[in-house]
Amino acid sequence: MKTILIADDNPVSRELVVEALGDEWIVIEAADGASAVASFLGDRPDLALIDIQMPNLDGFAVMQEI
């Protein structure tokens with residue numbers, strides 16, 4: 001099964017992705033930019049959906065770190 005990282009500080013947005021894709025994907029959630037980087041580097045998901053406006057690191061900074 002493929003893995004997806006959803007990085008968003010809005011829990012409702014993360015929940016929607018889990019509901020929509022949870023049957024076909026393993027969904028990893030991150031609530032801020034720093035957690036997103038750590039999750040991506042540790043879990044190596046097949047796909048990442050990253051919010052632009054997040055605390056700690058914004059989506060652009062997350063992509064630079066990755």
# chains A, B, ... in the order shown; residues from 1 in each chain; ligands from 1

$ residues_around --residues "range 37-43 of chain A" --least-positions-apart "6" --cutoff "8 Å" --atoms "only C-alpha atoms" --output "ChimeraX atom specification"
/A:5,28,30,62,65-66

$ write_last_selection --atoms "C-alpha atoms" --output "mmCIF file, in the first residue's frame"
data_model
loop_
_atom_site.group_PDB
_atom_site.id
_atom_site.type_symbol
_atom_site.label_atom_id
_atom_site.label_comp_id
_atom_site.auth_asym_id
_atom_site.auth_seq_id
_atom_site.Cartn_x
_atom_site.Cartn_y
_atom_site.Cartn_z
ATOM 1 C CA LEU A 5 1.972 12.556 4.121
ATOM 2 C CA ILE A 28 0.739 10.059 7.882
ATOM 3 C CA ALA A 30 1.802 16.343 10.471
ATOM 4 C CA VAL A 62 9.396 22.393 4.273
ATOM 5 C CA GLU A 65 14.372 21.180 3.915
ATOM 6 C CA ILE A 66 13.219 18.008 2.186
#

$ select_by_dssp --residues "chain A" --states "strand (DSSP E)" --output "PDB file with C-alpha atoms, in the first residue's frame"
ATOM      1  CA  LYS A   2       1.272   3.477  -0.867  1.00  0.00           C
ATOM      2  CA  THR A   3       1.958   6.093   1.815  1.00  0.00           C
ATOM      3  CA  ILE A   4       0.907   9.756   1.775  1.00  0.00           C
ATOM      4  CA  LEU A   5       1.972  12.556   4.121  1.00  0.00           C
ATOM      5  CA  ILE A   6      -0.598  15.266   4.804  1.00  0.00           C
ATOM      6  CA  ALA A   7       0.961  18.324   6.404  1.00  0.00           C
ATOM      7  CA  TRP A  25      -3.328   4.853   1.290  1.00  0.00           C
ATOM      8  CA  ILE A  26      -1.440   4.747   4.549  1.00  0.00           C
ATOM      9  CA  VAL A  27      -1.887   8.348   5.723  1.00  0.00           C
ATOM     10  CA  ILE A  28       0.739  10.059   7.882  1.00  0.00           C
ATOM     11  CA  GLU A  29      -0.312  13.348   9.472  1.00  0.00           C
ATOM     12  CA  ALA A  30       1.802  16.343  10.471  1.00  0.00           C
ATOM     13  CA  LEU A  47       3.353  11.448  -1.930  1.00  0.00           C
ATOM     14  CA  ALA A  48       3.203  14.569   0.242  1.00  0.00           C
ATOM     15  CA  LEU A  49       0.408  17.155   0.404  1.00  0.00           C
ATOM     16  CA  ILE A  50       1.833  20.192   2.172  1.00  0.00           C
TER      17      ILE A  50
END

$ atom_distance --atom1 "CA of Asp58 in chain A" --atom2 "CA of Leu21 in chain A"
23.8 Å

$ atom_distance --atom1 "CA of Asn56 in chain A" --atom2 "CA of Gly33 in chain A"
5.7 Å

$ residues_around --residues "Asn10 in chain A" --least-positions-apart "3" --cutoff "12 Å" --atoms "only C-alpha atoms" --output "number ranges by chain"
A: 6-7, 13-17, 29-32, 50-55

$ atom_distance --atom1 "CA of Met1 in chain A" --atom2 "CA of Ala20 in chain A"
15.2 Å

$ select_by_dssp --residues "chain A" --states "alpha helix (DSSP H)" --output "list of chain:residue names"
A:Pro11, A:Val12, A:Ser13, A:Arg14, A:Glu15, A:Leu16, A:Val17, A:Val18, A:Glu19, A:Ala20, A:Leu21, A:Gly33, A:Ala34, A:Ser35, A:Ala36, A:Val37, A:Ala38, A:Ser39, A:Phe40, A:Leu41, A:Gly42, A:Asp43, A:Gly59, A:Phe60, A:Ala61, A:Val62, A:Met63, A:Gln64, A:Glu65
